[in-house]
Amino acid sequence: MASHDGFRHFRARVNGVELHYVREGEGAGKAPLLLVHGWPGFYFEWHLNIRPLSAHFDVVVPDMRGYGHSEKPDLAPEKGYSDGVMAEDLRGLVDHLGWGRVNIVAHDFGAVWTQTFARAYPGRVGRLVLFDPPYPGIGMRPLMPGHLREMWYLLFHQMPWAEALVGSNRGMVERYIGHFLSHWSYDKNLWTLEEVREYVDVYSQPGALRGGFHCYRAMFRTMGRFLGKVPKIEAPTLVLWGENDSVLPVAWSDRLGDYFSHVTMKRVPRCGHFMMRERPDVVNREVAGFVGQSPP
């Protein structure tokens, strides 16, 4: 695809879908590093991290199925957009790139898919860096009365007409996506008009809202699997948690040790949900330092 951002863009057929990805920093001796977006996101959410991290790593940044410039299959949520399916897409991409083991940085849904990948393929994972990650230890706290006002969108996304309503025109897309970019950030005026336009352009594409909404539908339909007993992730893991994340409060980090065998948790002040955009300096420094350590 044509690039207007200066990054190198590629496409790969993996696990039955065509994925778009950006790759920078490829070179002998550089450790593989995968940056995995969440919702509402696509590769562009890492635009302040790709170049700095590519100085140290072979950086690949995919649009996951249903997102960005990747294929958007019209499949039932539990068949085409579950965390297990998305983890298999990660596995397929890693295979396509010829990587035996990979380090992963992820947040939001990306952190969910990454945890599923790490449990399914522990030998393929080097180090993990997760931002404010949804993980089984959070349990049902998002749906408790005191927090439900923040989670209304979870229920809205279950409606079969939700994407048709939000995607009815470009102005609606901008209002809806723009709400989350602002509301979930510590600085409500952080995002530039140019950045918001990138999101609106992508999410105004035909079918572009369905993939993300299907991920929430799949989550509800397979929730028992995620909330049940799961093995600990053995890979060394750094968790960075924004102190001002309104949707995933830092207090919910209290059970990380029950699900990660080797975890380091750091609080990040003046930061909400979009750490890669809000505190890129912290992200780039912490990722380079942690992933750049000797492999376990």
# chains A, B, ... in the order shown; residues from 1 in each chain; ligands from 1
call {"tool": "select_by_dssp", "arguments": {"residues": "segment 13-108 of chain A", "states": "alpha helix (DSSP H)", "output": "PyMOL selection string"}}
result
chain A and resi 50-54+77-80+83-97+108
call {"tool": "residues_around", "arguments": {"residues": "Val268 of chain A", "least_positions_apart": "2", "cutoff": "8 Å", "atoms": "only C-alpha atoms", "output": "NGL selection string"}}
result
:A and (240-243 or 266 or 270-271)
call {"tool": "closest_atom_pairs", "arguments": {"of": "segment 179-257 of chain A", "to": "segment 81-105 of chain A", "cutoff": "12 Å", "atoms": "only C-alpha atoms", "output": "Markdown table"}}
result
| residue | atom | partner | partner_atom | distance |
| --- | --- | --- | --- | --- |
| A:Arg210 | CA | A:Tyr81 | CA | 10.2 |
| A:Gly211 | CA | A:Tyr81 | CA | 7.3 |
| A:Gly212 | CA | A:Tyr81 | CA | 8.5 |
| A:Phe213 | CA | A:Tyr81 | CA | 9.4 |
| A:His214 | CA | A:Tyr81 | CA | 6.2 |
| A:Cys215 | CA | A:Tyr81 | CA | 5.2 |
| A:Tyr216 | CA | A:Tyr81 | CA | 8.7 |
| A:Arg217 | CA | A:Tyr81 | CA | 8.5 |
| A:Ala218 | CA | A:Ser82 | CA | 5.2 |
| A:Met219 | CA | A:Ser82 | CA | 6.6 |
| A:Phe220 | CA | A:Ser82 | CA | 9.7 |
| A:Arg221 | CA | A:Ser82 | CA | 8.9 |
| A:Thr222 | CA | A:Ser82 | CA | 7.6 |
| A:Met223 | CA | A:Ser82 | CA | 9.9 |
| A:Arg225 | CA | A:Asp83 | CA | 10.0 |
| A:Phe226 | CA | A:Asp83 | CA | 9.0 |
| A:Ala235 | CA | A:Asn103 | CA | 9.6 |
| A:Pro236 | CA | A:Asn103 | CA | 10.0 |
| A:Thr237 | CA | A:Ile104 | CA | 9.7 |
| A:Leu238 | CA | A:Val105 | CA | 9.3 |
| A:Val239 | CA | A:Val105 | CA | 9.8 |
| A:Leu240 | CA | A:Val105 | CA | 10.5 |
call {"tool": "closest_residue", "arguments": {"among": "A:Glu71, A:Asp5, A:Glu174, A:Asp132", "to": "Pro249 of chain A", "atoms": "only C-alpha atoms"}}
result
A:Asp132
call {"tool": "closest_atom_pairs", "arguments": {"of": "segment 112-176 of chain A", "to": "segment 39-60 of chain A", "cutoff": "12 Å", "atoms": "only C-alpha atoms", "output": "JSON lines"}}
result
{"residue": "A:Val112", "atom": "CA", "partner": "A:Trp39", "partner_atom": "CA", "distance": 11.4}
{"residue": "A:Tyr153", "atom": "CA", "partner": "A:Trp39", "partner_atom": "CA", "distance": 11.7}
{"residue": "A:Leu154", "atom": "CA", "partner": "A:Trp39", "partner_atom": "CA", "distance": 11.7}
{"residue": "A:His157", "atom": "CA", "partner": "A:Trp39", "partner_atom": "CA", "distance": 12.0}
{"residue": "A:Val173", "atom": "CA", "partner": "A:Pro40", "partner_atom": "CA", "distance": 11.3}
{"residue": "A:Glu174", "atom": "CA", "partner": "A:Pro40", "partner_atom": "CA", "distance": 11.8}
{"residue": "A:Tyr176", "atom": "CA", "partner": "A:Pro40", "partner_atom": "CA", "distance": 10.1}
